[in-house]
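These notes are about the structure you will find just below.
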Amino acid sequence: MKYLSILIAVATFSFTITACKKPQSFEYRDVRNFQIDSLGLGYSTIKMDLVYFNPNNFGVDLKQVDCDVFVNNNYLGKYLLDTTMHIAKRSEFVLPGRIQVDMKNIFKNSLVALFNKEVLIHVKGNTRAGKSGIFFNVPFDYSTKQKISLFD
(Lines give C-alpha, C1' and ligand atoms only; values in the text may rest on other atoms or scores of the structure.)
Protein backbone atom coordinates (compact mmCIF):
# COMPACT_ATOMS: atom_id res chain seq x y z
CA MET A 1 0.00 0.00 0.00
CA LYS A 2 2.86 2.35 0.84
CA TYR A 3 4.48 1.67 -2.56
CA LEU A 4 1.19 2.28 -4.35
CA SER A 5 0.81 5.74 -2.80
CA ILE A 6 4.44 6.58 -3.75
CA LEU A 7 3.76 5.37 -7.30
CA ILE A 8 0.61 7.50 -7.52
CA ALA A 9 2.49 10.53 -6.18
CA VAL A 10 5.30 10.06 -8.74
CA ALA A 11 2.77 9.57 -11.57
CA THR A 12 0.84 12.68 -10.54
CA PHE A 13 4.05 14.71 -10.37
CA SER A 14 5.15 13.44 -13.81
CA PHE A 15 1.75 14.24 -15.31
CA THR A 16 1.82 17.74 -13.81
CA ILE A 17 5.30 18.41 -15.19
CA THR A 18 4.38 17.25 -18.73
CA ALA A 19 1.01 19.00 -18.70
CA CYS A 20 2.70 22.28 -17.80
CA LYS A 21 5.60 21.80 -20.20
CA LYS A 22 6.69 24.96 -22.00
CA PRO A 23 5.42 24.99 -25.61
CA GLN A 24 7.92 24.40 -28.41
CA SER A 25 8.68 27.25 -30.80
CA PHE A 26 6.53 27.47 -33.88
CA GLU A 27 8.20 26.37 -37.10
CA TYR A 28 8.34 28.82 -39.97
CA ARG A 29 6.82 27.45 -43.19
CA ASP A 30 6.21 30.22 -45.70
CA VAL A 31 5.43 33.83 -46.50
CA ARG A 32 2.37 34.13 -48.72
CA ASN A 33 0.62 36.99 -50.43
CA PHE A 34 3.55 39.39 -50.07
CA GLN A 35 2.39 42.62 -51.67
CA ILE A 36 2.76 46.37 -51.49
CA ASP A 37 -0.58 47.69 -50.28
CA SER A 38 0.18 51.38 -50.59
CA LEU A 39 3.28 53.13 -51.86
CA GLY A 40 4.44 56.55 -50.67
CA LEU A 41 7.64 58.55 -50.48
CA GLY A 42 7.65 58.75 -46.66
CA TYR A 43 5.81 55.59 -45.66
CA SER A 44 4.41 52.55 -47.46
CA THR A 45 2.28 49.65 -46.28
CA ILE A 46 3.21 46.03 -46.97
CA LYS A 47 0.88 43.09 -46.46
CA MET A 48 1.86 39.45 -46.09
CA ASP A 49 0.67 36.23 -44.50
CA LEU A 50 3.19 34.46 -42.29
CA VAL A 51 2.63 30.68 -42.24
CA TYR A 52 3.81 28.65 -39.25
CA PHE A 53 3.44 25.11 -37.91
CA ASN A 54 2.56 24.24 -34.30
CA PRO A 55 4.78 21.19 -33.47
CA ASN A 56 3.18 20.69 -30.05
CA ASN A 57 0.94 17.70 -29.35
CA PHE A 58 -1.59 20.07 -27.82
CA GLY A 59 -3.45 23.15 -28.90
CA VAL A 60 -1.90 26.45 -27.98
CA ASP A 61 -3.35 29.89 -27.41
CA LEU A 62 -1.35 32.63 -29.07
CA LYS A 63 -1.81 35.86 -27.17
CA GLN A 64 0.67 38.26 -28.72
CA VAL A 65 3.29 38.54 -31.47
CA ASP A 66 5.97 41.22 -31.43
CA CYS A 67 8.65 40.98 -34.09
CA ASP A 68 10.98 42.94 -36.31
CA VAL A 69 10.99 42.28 -40.05
CA PHE A 70 14.08 42.73 -42.22
CA VAL A 71 14.37 42.60 -46.01
CA ASN A 72 17.84 42.04 -47.44
CA ASN A 73 19.21 42.73 -43.94
CA ASN A 74 17.60 46.19 -43.81
CA TYR A 75 15.04 46.91 -41.12
CA LEU A 76 11.61 46.97 -42.72
CA GLY A 77 9.33 47.54 -39.75
CA LYS A 78 7.69 46.12 -36.67
CA TYR A 79 4.86 43.60 -36.77
CA LEU A 80 2.53 43.53 -33.77
CA LEU A 81 -0.44 41.23 -33.21
CA ASP A 82 -2.32 41.83 -29.99
CA THR A 83 -5.20 39.40 -30.15
CA THR A 84 -5.79 35.89 -28.86
CA MET A 85 -5.90 33.05 -31.39
CA HIS A 86 -6.37 29.34 -30.75
CA ILE A 87 -3.96 27.16 -32.72
CA ALA A 88 -4.80 23.48 -33.08
CA LYS A 89 -2.23 20.82 -32.21
CA ARG A 90 0.28 19.83 -34.91
CA SER A 91 -1.21 22.13 -37.54
CA GLU A 92 -0.30 25.00 -39.82
CA PHE A 93 -1.68 28.44 -39.11
CA VAL A 94 -1.52 31.84 -40.76
CA LEU A 95 -0.72 35.17 -39.15
CA PRO A 96 -1.91 38.02 -41.36
CA GLY A 97 0.50 40.91 -41.36
CA ARG A 98 0.40 44.57 -42.24
CA ILE A 99 3.56 46.60 -41.71
CA GLN A 100 3.99 50.33 -42.10
CA VAL A 101 7.44 50.89 -43.55
CA ASP A 102 9.66 53.96 -43.28
CA MET A 103 10.84 54.24 -46.89
CA LYS A 104 14.26 55.69 -46.03
CA ASN A 105 15.23 52.18 -44.82
CA ILE A 106 14.06 50.63 -48.10
CA PHE A 107 15.90 52.94 -50.46
CA LYS A 108 19.23 51.50 -49.28
CA ASN A 109 18.74 48.37 -51.39
CA SER A 110 16.00 49.47 -53.76
CA LEU A 111 17.96 48.75 -56.94
CA VAL A 112 18.90 45.26 -55.72
CA ALA A 113 15.25 44.50 -54.91
CA LEU A 114 14.07 46.01 -58.19
CA PHE A 115 16.30 43.84 -60.39
CA ASN A 116 16.26 40.65 -58.35
CA LYS A 117 13.31 38.30 -58.28
CA GLU A 118 14.09 37.21 -54.70
CA VAL A 119 14.64 38.99 -51.42
CA LEU A 120 15.86 37.69 -48.08
CA ILE A 121 13.14 38.07 -45.44
CA HIS A 122 14.18 37.75 -41.80
CA VAL A 123 11.63 37.81 -38.98
CA LYS A 124 12.80 37.90 -35.35
CA GLY A 125 10.75 38.36 -32.20
CA ASN A 126 8.67 36.83 -29.42
CA THR A 127 5.20 35.40 -28.94
CA ARG A 128 3.17 34.82 -25.81
CA ALA A 129 1.86 31.29 -26.11
CA GLY A 130 0.33 28.94 -23.62
CA LYS A 131 -2.56 26.84 -22.50
CA SER A 132 -5.20 27.06 -19.79
CA GLY A 133 -4.27 30.64 -18.93
CA ILE A 134 -0.56 29.92 -18.38
CA PHE A 135 1.52 31.81 -20.95
CA PHE A 136 5.23 31.77 -21.77
CA ASN A 137 7.40 33.98 -23.94
CA VAL A 138 8.48 31.91 -26.94
CA PRO A 139 11.25 33.51 -29.04
CA PHE A 140 11.55 32.89 -32.78
CA ASP A 141 14.05 33.78 -35.49
CA TYR A 142 13.32 32.80 -39.11
CA SER A 143 14.86 33.65 -42.46
CA THR A 144 13.79 32.76 -45.97
CA LYS A 145 14.29 33.82 -49.54
CA GLN A 146 11.02 35.03 -51.02
CA LYS A 147 10.20 35.49 -54.68
CA ILE A 148 8.54 38.82 -55.36
CA SER A 149 7.26 40.68 -58.36
CA LEU A 150 6.69 44.40 -58.09
CA PHE A 151 5.01 44.67 -61.47
CA ASP A 152 2.22 42.04 -61.41
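Every chain in the C-alpha coordinates has a letter given in the order shown (A, B, ...), and although residue numbers restart at 1 in each chain, ligands are simply numbered from 1 in the order shown.
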Near-A:Gly133 list (12 Å; only C-alpha atoms; drop same-chain fewer than 6 positions) as a PyMOL selection string: chain A and resi 20+60-63+84
For the residues in the current selection, export N, CA and C atoms as a short mmCIF file (atom, residue, chain, number, x, y, z; two decimals), in the first residue's frame.
data_model
loop_
_atom_site.label_atom_id
_atom_site.label_comp_id
_atom_site.auth_asym_id
_atom_site.auth_seq_id
_atom_site.Cartn_x
_atom_site.Cartn_y
_atom_site.Cartn_z
N CYS A 20 2.31 20.87 -17.88
CA CYS A 20 2.70 22.28 -17.80
C CYS A 20 3.99 22.56 -18.56
N VAL A 60 -2.57 25.36 -28.65
CA VAL A 60 -1.90 26.45 -27.98
C VAL A 60 -2.70 27.73 -28.23
N ASP A 61 -2.77 28.57 -27.23
CA ASP A 61 -3.35 29.89 -27.41
C ASP A 61 -2.22 30.87 -27.65
N LEU A 62 -2.33 31.62 -28.73
CA LEU A 62 -1.35 32.63 -29.07
C LEU A 62 -1.93 33.97 -28.66
N LYS A 63 -1.26 34.64 -27.75
CA LYS A 63 -1.81 35.86 -27.17
C LYS A 63 -1.23 37.12 -27.79
N THR A 84 -5.95 37.29 -29.24
CA THR A 84 -5.79 35.89 -28.86
C THR A 84 -6.33 34.99 -29.96
#
Near-A:Leu41 list (9 Å; only C-alpha atoms; drop same-chain fewer than 5 positions) as a count of residues only: 3
Counting only C-alpha atoms, the option among A:Glu27, A:Phe53, A:Val65, A:Arg128 closest to A:Pro96: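 Closest candidate: A:Val65.
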Which of A:Leu120, A:Asn74, A:Val101, A:Pro55 sits closest to A:Ala88 [using only C-alpha atoms]: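 The closest residue to A:Ala88 is A:Pro55.
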Between atom CA of A:Asp30 and atom CA of A:Gly130, distance in Å (one decimal):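 The value is 22.9 Å.
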